[in-house]
file run.cif (mmCIF, N, CA and C atoms)
data_model
#
loop_
_atom_site.label_atom_id
_atom_site.label_comp_id
_atom_site.auth_asym_id
_atom_site.auth_seq_id
_atom_site.Cartn_x
_atom_site.Cartn_y
_atom_site.Cartn_z
N MET O 1 73.24 106.18 90.82
CA MET O 1 74.19 106.87 91.66
C MET O 1 74.70 105.97 92.78
N LYS O 2 73.81 105.16 93.38
CA LYS O 2 74.22 104.26 94.45
C LYS O 2 75.25 103.26 93.96
N ILE O 3 75.08 102.77 92.74
CA ILE O 3 76.02 101.79 92.19
C ILE O 3 77.40 102.43 92.01
N VAL O 4 77.45 103.67 91.57
CA VAL O 4 78.73 104.36 91.40
C VAL O 4 79.42 104.52 92.75
N ILE O 5 78.69 104.94 93.77
CA ILE O 5 79.27 105.13 95.10
C ILE O 5 79.77 103.80 95.66
N ILE O 6 78.98 102.75 95.53
CA ILE O 6 79.40 101.43 96.01
C ILE O 6 80.65 100.98 95.27
N SER O 7 80.70 101.19 93.96
CA SER O 7 81.88 100.80 93.18
C SER O 7 83.12 101.55 93.65
N ILE O 8 82.97 102.85 93.91
CA ILE O 8 84.10 103.64 94.39
C ILE O 8 84.56 103.14 95.75
N LEU O 9 83.62 102.86 96.65
CA LEU O 9 83.98 102.35 97.98
C LEU O 9 84.70 101.01 97.89
N LEU O 10 84.24 100.13 97.03
CA LEU O 10 84.91 98.84 96.85
C LEU O 10 86.31 99.02 96.28
N LEU O 11 86.47 99.94 95.34
CA LEU O 11 87.78 100.21 94.76
C LEU O 11 88.73 100.76 95.82
N VAL O 12 88.25 101.68 96.65
CA VAL O 12 89.08 102.25 97.72
C VAL O 12 89.45 101.16 98.71
N GLN O 13 88.50 100.28 99.09
CA GLN O 13 88.80 99.20 100.02
C GLN O 13 89.83 98.25 99.42
N SER O 14 89.68 97.92 98.14
CA SER O 14 90.64 97.04 97.48
C SER O 14 92.02 97.67 97.46
N TRP O 15 92.10 98.97 97.16
CA TRP O 15 93.39 99.66 97.15
C TRP O 15 93.99 99.66 98.54
N ALA O 16 93.18 99.91 99.56
CA ALA O 16 93.70 99.93 100.93
C ALA O 16 94.24 98.57 101.32
N ASP O 17 93.54 97.51 100.93
CA ASP O 17 93.99 96.17 101.28
C ASP O 17 95.32 95.82 100.64
N THR O 18 95.55 96.26 99.42
CA THR O 18 96.78 95.88 98.73
C THR O 18 97.95 96.78 99.11
N THR O 19 97.72 97.84 99.87
CA THR O 19 98.80 98.72 100.27
C THR O 19 98.97 98.80 101.78
N ALA O 20 98.32 97.93 102.54
CA ALA O 20 98.40 97.95 103.99
C ALA O 20 99.81 97.62 104.46
N LEU O 21 100.19 98.16 105.61
CA LEU O 21 101.50 97.90 106.18
C LEU O 21 101.50 96.69 107.10
N PHE O 22 100.38 96.47 107.79
CA PHE O 22 100.29 95.43 108.80
C PHE O 22 99.00 94.64 108.64
N GLY O 23 98.99 93.46 109.23
CA GLY O 23 97.77 92.65 109.23
C GLY O 23 97.67 91.84 110.52
N ARG O 24 96.43 91.46 110.84
CA ARG O 24 96.17 90.60 111.99
C ARG O 24 95.37 89.41 111.50
N VAL O 25 95.72 88.21 111.94
CA VAL O 25 95.04 86.99 111.49
C VAL O 25 93.64 86.92 112.09
N VAL O 26 92.66 86.72 111.22
CA VAL O 26 91.26 86.62 111.60
C VAL O 26 90.61 85.46 110.83
N ASN O 27 89.37 85.17 111.14
CA ASN O 27 88.55 84.19 110.41
C ASN O 27 89.06 82.75 110.48
N ILE O 28 89.73 82.41 111.58
CA ILE O 28 90.08 81.00 111.82
C ILE O 28 89.64 80.65 113.24
N ASP O 29 89.50 79.36 113.53
CA ASP O 29 89.12 78.92 114.87
C ASP O 29 90.23 79.18 115.87
N HIS O 30 89.87 79.33 117.14
CA HIS O 30 90.85 79.61 118.20
C HIS O 30 91.92 78.53 118.31
N ASN O 31 91.56 77.29 118.02
CA ASN O 31 92.52 76.18 118.15
C ASN O 31 93.16 75.81 116.81
N ASP O 32 93.02 76.66 115.81
CA ASP O 32 93.57 76.39 114.47
C ASP O 32 94.71 77.37 114.18
N THR O 33 95.42 77.13 113.09
CA THR O 33 96.46 78.06 112.64
C THR O 33 96.26 78.35 111.15
N LEU O 34 96.80 79.48 110.74
CA LEU O 34 96.77 79.88 109.33
C LEU O 34 98.08 79.45 108.69
N ASN O 35 98.00 78.65 107.64
CA ASN O 35 99.20 78.20 106.95
C ASN O 35 99.82 79.35 106.15
N VAL O 36 101.12 79.45 106.24
CA VAL O 36 101.89 80.41 105.44
C VAL O 36 102.55 79.59 104.35
N ARG O 37 102.38 80.02 103.10
CA ARG O 37 102.83 79.26 101.94
C ARG O 37 104.02 79.90 101.24
N SER O 38 104.77 79.09 100.51
CA SER O 38 105.95 79.59 99.79
C SER O 38 105.56 80.42 98.56
N GLN O 39 104.39 80.17 98.02
CA GLN O 39 103.88 80.88 96.84
C GLN O 39 102.41 81.24 97.09
N PRO O 40 101.85 82.19 96.36
CA PRO O 40 100.44 82.56 96.55
C PRO O 40 99.48 81.52 95.96
N ASP O 41 99.48 80.34 96.56
CA ASP O 41 98.66 79.21 96.11
C ASP O 41 98.49 78.25 97.28
N HIS O 42 97.25 77.83 97.54
CA HIS O 42 97.01 76.95 98.70
C HIS O 42 97.66 75.57 98.56
N ARG O 43 98.15 75.24 97.38
CA ARG O 43 98.81 73.95 97.18
C ARG O 43 100.34 74.03 97.30
N SER O 44 100.87 75.24 97.43
CA SER O 44 102.32 75.37 97.52
C SER O 44 102.82 74.94 98.90
N LYS O 45 104.12 74.79 99.01
CA LYS O 45 104.76 74.30 100.23
C LYS O 45 104.44 75.19 101.44
N LYS O 46 104.10 74.57 102.55
CA LYS O 46 103.86 75.28 103.80
C LYS O 46 105.21 75.65 104.42
N VAL O 47 105.38 76.96 104.74
CA VAL O 47 106.64 77.41 105.33
C VAL O 47 106.48 77.92 106.76
N GLY O 48 105.24 77.94 107.25
CA GLY O 48 104.99 78.40 108.61
C GLY O 48 103.52 78.36 108.93
N ALA O 49 103.19 78.78 110.15
CA ALA O 49 101.79 78.81 110.60
C ALA O 49 101.63 79.96 111.58
N LEU O 50 100.46 80.56 111.56
CA LEU O 50 100.16 81.69 112.44
C LEU O 50 98.89 81.42 113.24
N PRO O 51 98.89 81.78 114.53
CA PRO O 51 97.68 81.61 115.34
C PRO O 51 96.69 82.75 115.10
N LEU O 52 95.48 82.58 115.56
CA LEU O 52 94.47 83.63 115.52
C LEU O 52 95.01 84.87 116.24
N ASP O 53 94.74 86.03 115.70
CA ASP O 53 95.15 87.33 116.24
C ASP O 53 96.64 87.62 116.13
N ALA O 54 97.39 86.80 115.39
CA ALA O 54 98.82 87.08 115.17
C ALA O 54 98.96 88.34 114.33
N TYR O 55 99.99 89.13 114.64
CA TYR O 55 100.29 90.34 113.87
C TYR O 55 101.46 90.07 112.94
N VAL O 56 101.34 90.57 111.70
CA VAL O 56 102.39 90.40 110.70
C VAL O 56 102.59 91.71 109.94
N GLY O 57 103.75 91.84 109.33
CA GLY O 57 103.99 92.91 108.39
C GLY O 57 103.58 92.43 107.01
N ILE O 58 103.14 93.33 106.18
CA ILE O 58 102.72 92.97 104.82
C ILE O 58 103.67 93.62 103.84
N GLU O 59 104.34 92.78 103.06
CA GLU O 59 105.28 93.28 102.05
C GLU O 59 104.54 93.72 100.80
N THR O 60 103.64 92.87 100.31
CA THR O 60 102.89 93.15 99.09
C THR O 60 101.69 92.21 99.02
N CYS O 61 100.73 92.56 98.19
CA CYS O 61 99.58 91.68 97.93
C CYS O 61 99.40 91.59 96.42
N THR O 62 98.90 90.44 95.97
CA THR O 62 98.71 90.24 94.54
C THR O 62 97.53 89.30 94.31
N LYS O 63 96.88 89.45 93.17
CA LYS O 63 95.79 88.55 92.79
C LYS O 63 96.38 87.27 92.21
N ALA O 64 95.86 86.14 92.66
CA ALA O 64 96.26 84.84 92.11
C ALA O 64 95.03 83.94 92.08
N LYS O 65 94.62 83.55 90.91
CA LYS O 65 93.45 82.69 90.74
C LYS O 65 92.22 83.25 91.46
N LYS O 66 91.90 84.50 91.19
CA LYS O 66 90.72 85.19 91.72
C LYS O 66 90.77 85.45 93.22
N ARG O 67 91.89 85.20 93.85
CA ARG O 67 92.05 85.45 95.29
C ARG O 67 93.16 86.46 95.49
N LEU O 68 93.03 87.27 96.53
CA LEU O 68 94.08 88.20 96.89
C LEU O 68 94.97 87.52 97.92
N TRP O 69 96.26 87.40 97.62
CA TRP O 69 97.25 86.80 98.52
C TRP O 69 98.24 87.88 98.93
N CYS O 70 98.69 87.80 100.19
CA CYS O 70 99.64 88.78 100.69
C CYS O 70 100.89 88.09 101.18
N ARG O 71 102.04 88.67 100.82
CA ARG O 71 103.33 88.17 101.30
C ARG O 71 103.57 88.83 102.66
N VAL O 72 103.66 88.00 103.70
CA VAL O 72 103.77 88.51 105.06
C VAL O 72 105.10 88.11 105.68
N TYR O 73 105.51 88.85 106.69
CA TYR O 73 106.76 88.56 107.38
C TYR O 73 106.55 88.75 108.88
N PRO O 74 107.35 88.06 109.68
CA PRO O 74 107.22 88.20 111.13
C PRO O 74 107.72 89.57 111.57
N MET O 75 107.14 90.06 112.63
CA MET O 75 107.58 91.33 113.20
C MET O 75 108.47 91.00 114.39
N VAL O 76 109.58 91.72 114.53
CA VAL O 76 110.58 91.41 115.55
C VAL O 76 109.94 91.34 116.94
N GLN O 77 108.99 92.23 117.22
CA GLN O 77 108.41 92.28 118.56
C GLN O 77 107.32 91.22 118.78
N GLN O 78 106.97 90.46 117.74
CA GLN O 78 105.95 89.41 117.87
C GLN O 78 106.59 88.07 117.53
N TRP O 79 106.58 87.14 118.45
CA TRP O 79 107.18 85.84 118.21
C TRP O 79 106.10 84.77 118.23
N TYR O 80 106.01 83.99 117.18
CA TYR O 80 105.06 82.88 117.10
C TYR O 80 105.86 81.62 116.86
N GLU O 81 105.53 80.58 117.58
CA GLU O 81 106.30 79.34 117.59
C GLU O 81 106.66 78.83 116.20
N LYS O 82 105.73 78.86 115.26
CA LYS O 82 105.98 78.29 113.94
C LYS O 82 106.13 79.35 112.85
N PHE O 83 106.43 80.59 113.27
CA PHE O 83 106.60 81.67 112.29
C PHE O 83 107.34 82.79 112.98
N GLY O 84 108.66 82.68 113.01
CA GLY O 84 109.35 83.68 113.79
C GLY O 84 110.68 84.17 113.27
N ASP O 85 111.15 83.64 112.17
CA ASP O 85 112.40 84.18 111.65
C ASP O 85 112.24 84.48 110.16
N LYS O 86 113.25 85.07 109.57
CA LYS O 86 113.13 85.53 108.19
C LYS O 86 112.93 84.40 107.19
N SER O 87 113.26 83.17 107.56
CA SER O 87 113.05 82.06 106.63
C SER O 87 111.57 81.74 106.48
N HIS O 88 110.73 82.29 107.35
CA HIS O 88 109.30 82.00 107.28
C HIS O 88 108.49 83.06 106.55
N ILE O 89 109.15 83.96 105.86
CA ILE O 89 108.40 84.92 105.05
C ILE O 89 107.63 84.13 104.00
N GLY O 90 106.35 84.44 103.84
CA GLY O 90 105.56 83.68 102.90
C GLY O 90 104.22 84.33 102.61
N TRP O 91 103.35 83.57 101.97
CA TRP O 91 102.07 84.07 101.46
C TRP O 91 100.89 83.51 102.23
N VAL O 92 99.88 84.37 102.47
CA VAL O 92 98.61 83.94 103.06
C VAL O 92 97.47 84.55 102.26
N ASN O 93 96.35 83.86 102.27
CA ASN O 93 95.15 84.36 101.62
C ASN O 93 94.63 85.55 102.42
N SER O 94 94.35 86.65 101.75
CA SER O 94 93.97 87.88 102.44
C SER O 94 92.64 87.79 103.17
N LYS O 95 91.82 86.79 102.86
CA LYS O 95 90.54 86.69 103.58
C LYS O 95 90.77 86.35 105.06
N TYR O 96 91.99 85.98 105.40
CA TYR O 96 92.33 85.67 106.79
C TYR O 96 93.10 86.81 107.46
N LEU O 97 93.12 87.98 106.84
CA LEU O 97 93.83 89.12 107.41
C LEU O 97 92.89 90.30 107.61
N LYS O 98 93.08 91.00 108.71
CA LYS O 98 92.44 92.30 108.90
C LYS O 98 93.57 93.31 108.75
N PHE O 99 93.41 94.24 107.81
CA PHE O 99 94.48 95.16 107.44
C PHE O 99 94.53 96.38 108.36
N HIS O 100 95.76 96.84 108.62
CA HIS O 100 96.00 98.04 109.43
C HIS O 100 97.09 98.85 108.75
N ASN O 101 96.99 100.16 108.85
CA ASN O 101 98.02 101.03 108.30
C ASN O 101 98.75 101.82 109.37
N SER O 102 98.63 101.38 110.61
CA SER O 102 99.38 102.05 111.66
C SER O 102 99.90 101.01 112.64
N GLY O 103 101.08 101.28 113.20
CA GLY O 103 101.69 100.35 114.14
C GLY O 103 103.16 100.68 114.34
N TYR O 104 103.82 99.83 115.07
CA TYR O 104 105.24 100.01 115.37
C TYR O 104 106.03 98.80 114.88
N VAL O 105 107.24 99.06 114.41
CA VAL O 105 108.13 98.01 113.96
C VAL O 105 109.48 98.22 114.63
N ILE O 106 110.04 97.16 115.19
CA ILE O 106 111.39 97.24 115.75
C ILE O 106 112.36 96.76 114.68
N ILE O 107 113.38 97.54 114.42
CA ILE O 107 114.36 97.25 113.38
C ILE O 107 115.66 96.80 114.04
N ASP O 108 116.21 95.68 113.56
CA ASP O 108 117.53 95.24 114.02
C ASP O 108 118.58 96.14 113.38
N GLY O 109 119.19 96.98 114.18
CA GLY O 109 120.20 97.91 113.67
C GLY O 109 121.58 97.27 113.69
N LYS O 110 122.56 98.00 113.19
CA LYS O 110 123.94 97.52 113.18
C LYS O 110 124.54 97.61 114.57
N LYS O 111 125.41 96.69 114.88
CA LYS O 111 126.15 96.66 116.14
C LYS O 111 125.24 96.81 117.36
N ASN O 112 124.22 95.97 117.45
CA ASN O 112 123.28 95.96 118.59
C ASN O 112 122.60 97.29 118.83
N CYS O 113 122.38 98.05 117.79
CA CYS O 113 121.70 99.33 117.92
C CYS O 113 120.32 99.23 117.27
N ASP O 114 119.37 98.65 117.99
CA ASP O 114 118.01 98.50 117.48
C ASP O 114 117.27 99.82 117.62
N TYR O 115 116.26 100.00 116.78
CA TYR O 115 115.44 101.20 116.88
C TYR O 115 114.02 100.85 116.46
N ALA O 116 113.09 101.76 116.75
CA ALA O 116 111.68 101.52 116.43
C ALA O 116 111.21 102.54 115.40
N LEU O 117 110.30 102.07 114.55
CA LEU O 117 109.62 102.95 113.61
C LEU O 117 108.14 103.01 113.99
N ARG O 118 107.58 104.19 113.97
CA ARG O 118 106.14 104.33 114.13
C ARG O 118 105.59 104.60 112.73
N CYS O 119 104.69 103.75 112.28
CA CYS O 119 104.15 103.88 110.93
C CYS O 119 102.66 104.18 111.00
N LYS O 120 102.24 105.14 110.19
CA LYS O 120 100.83 105.49 110.13
C LYS O 120 100.54 106.07 108.76
N GLU O 121 99.47 105.55 108.14
CA GLU O 121 99.03 106.04 106.84
C GLU O 121 100.14 105.99 105.79
N GLY O 122 100.97 104.95 105.82
CA GLY O 122 102.01 104.78 104.81
C GLY O 122 103.27 105.58 105.04
N LYS O 123 103.35 106.32 106.16
CA LYS O 123 104.55 107.08 106.48
C LYS O 123 105.12 106.55 107.78
N CYS O 124 106.44 106.40 107.82
CA CYS O 124 107.10 105.88 109.01
C CYS O 124 108.13 106.88 109.51
N GLU O 125 108.29 106.95 110.83
CA GLU O 125 109.30 107.82 111.40
C GLU O 125 110.03 107.08 112.51
N ILE O 126 111.29 107.41 112.70
CA ILE O 126 112.11 106.77 113.74
C ILE O 126 111.68 107.33 115.09
N ILE O 127 111.50 106.43 116.05
CA ILE O 127 111.16 106.81 117.42
C ILE O 127 112.45 106.91 118.20
N LYS O 128 112.73 108.04 118.78
CA LYS O 128 113.94 108.23 119.57
C LYS O 128 113.61 108.08 121.02
N SER O 129 114.50 107.42 121.76
CA SER O 129 114.25 107.24 123.19
C SER O 129 114.88 108.33 124.01
#
call {"tool": "encode", "arguments": {"input": "run.cif", "output": "structure tokens"}}
result
Amino acid sequence: MKIVIISILLLVQSWADTTALFGRVVNIDHNDTLNVRSQPDHRSKKVGALPLDAYVGIETCTKAKKRLWCRVYPMVQQWYEKFGDKSHIGWVNSKYLKFHNSGYVIIDGKKNCDYALRCKEGKCEIIKS
């Protein structure tokens, strides 16, 4: 019975990790950065770097060579020197991410009309001021 429960918990954790909305960089030294890659492979071209505790949005996650990799993008409200515009969307190994399913995203609207989304548990709503 314990093995069944542990298996279910691992399956739920794996599902949560692959469907998370946000992530925070963890498991690197304070003076180091996490490389962001063009493809889900540590040998692919480096397209950016993230510091410890950086927040990112997660587009999707996929298994590649026995590792879970996530395609991440910068969040408008978080600016990092080497990862801050849409050209830096890329892949990171999920072992360096702590997953979250709640947070806020600022959206660049049309004609200088930006707005915020509050996201929680996979559902997002527009925040009105």
call {"tool": "residues_around", "arguments": {"input": "run.cif", "residues": "O:Ala54", "least_positions_apart": "4", "cutoff": "7 Å", "atoms": "only C-alpha atoms", "output": "VMD selection string"}}
result
chain O and resid 24 to 25 50
call {"tool": "resolve_selection", "arguments": {"input": "run.cif", "expression": "the PyMOL selection byres ((chain O and resi 55) around 7)", "output": "PyMOL selection string"}}
result
chain O and resi 22-25+52-54+56-57+73-75+78
call {"tool": "resolve_selection", "arguments": {"input": "run.cif", "expression": "the PyMOL selection byres ((chain O and resi 29-39) around 6)", "output": "PyMOL selection string"}}
result
chain O and resi 27-28+40-41+44-52+90-92
call {"tool": "atom_distance", "arguments": {"input": "run.cif", "atom1": "atom CA of O:Ala20", "atom2": "atom CA of O:Asn112"}}
result
28.9 Å
call {"tool": "residues_around", "arguments": {"input": "run.cif", "residues": "O:Thr60", "least_positions_apart": "2", "cutoff": "6 Å", "atoms": "only N, CA and C atoms", "output": "PDB file with N, CA and C atoms, in the coordinates of the input"}}
result
ATOM      1  N   THR O  18      95.550  96.260  99.420  1.00  0.00           N
ATOM      2  CA  THR O  18      96.780  95.880  98.730  1.00  0.00           C
ATOM      3  C   THR O  18      97.950  96.780  99.110  1.00  0.00           C
ATOM      4  N   ILE O  58     103.140  93.330 106.180  1.00  0.00           N
ATOM      5  CA  ILE O  58     102.720  92.970 104.820  1.00  0.00           C
ATOM      6  C   ILE O  58     103.670  93.620 103.840  1.00  0.00           C
ATOM      7  N   THR O  62      98.900  90.440  95.970  1.00  0.00           N
ATOM      8  CA  THR O  62      98.710  90.240  94.540  1.00  0.00           C
ATOM      9  C   THR O  62      97.530  89.300  94.310  1.00  0.00           C
ATOM     10  N   TRP O  69      96.260  87.400  97.620  1.00  0.00           N
ATOM     11  CA  TRP O  69      97.250  86.800  98.520  1.00  0.00           C
ATOM     12  C   TRP O  69      98.240  87.880  98.930  1.00  0.00           C
ATOM     13  N   CYS O  70      98.690  87.800 100.190  1.00  0.00           N
ATOM     14  CA  CYS O  70      99.640  88.780 100.690  1.00  0.00           C
ATOM     15  C   CYS O  70     100.890  88.090 101.180  1.00  0.00           C
ATOM     16  N   ARG O  71     102.040  88.670 100.820  1.00  0.00           N
ATOM     17  CA  ARG O  71     103.330  88.170 101.300  1.00  0.00           C
ATOM     18  C   ARG O  71     103.570  88.830 102.660  1.00  0.00           C
ATOM     19  N   VAL O  72     103.660  88.000 103.700  1.00  0.00           N
ATOM     20  CA  VAL O  72     103.770  88.510 105.060  1.00  0.00           C
ATOM     21  C   VAL O  72     105.100  88.110 105.680  1.00  0.00           C
TER      22      VAL O  72
END
call {"tool": "closest_residue", "arguments": {"input": "run.cif", "among": "O:Lys95, O:Lys111, O:Arg43, O:His100", "to": "O:Val26", "atoms": "all atoms listed in the file"}}
result
O:Lys95
call {"tool": "atom_distance", "arguments": {"input": "run.cif", "atom1": "atom CA of O:Lys65", "atom2": "atom CA of O:Asn93"}}
result
11.1 Å
call {"tool": "atom_distance", "arguments": {"input": "run.cif", "atom1": "atom CA of O:Lys120", "atom2": "atom CA of O:Tyr80"}}
result
24.0 Å
call {"tool": "axis_aligned_box", "arguments": {"input": "run.cif", "around": "stretch 37-46 of chain O", "padding_each_side": "8 Å", "output": "lines of an AutoDock Vina configuration file"}}
result
center_x = 101.5
center_y = 78.3
center_z = 100.2
size_x = 24.9
size_y = 24.6
size_z = 24.5
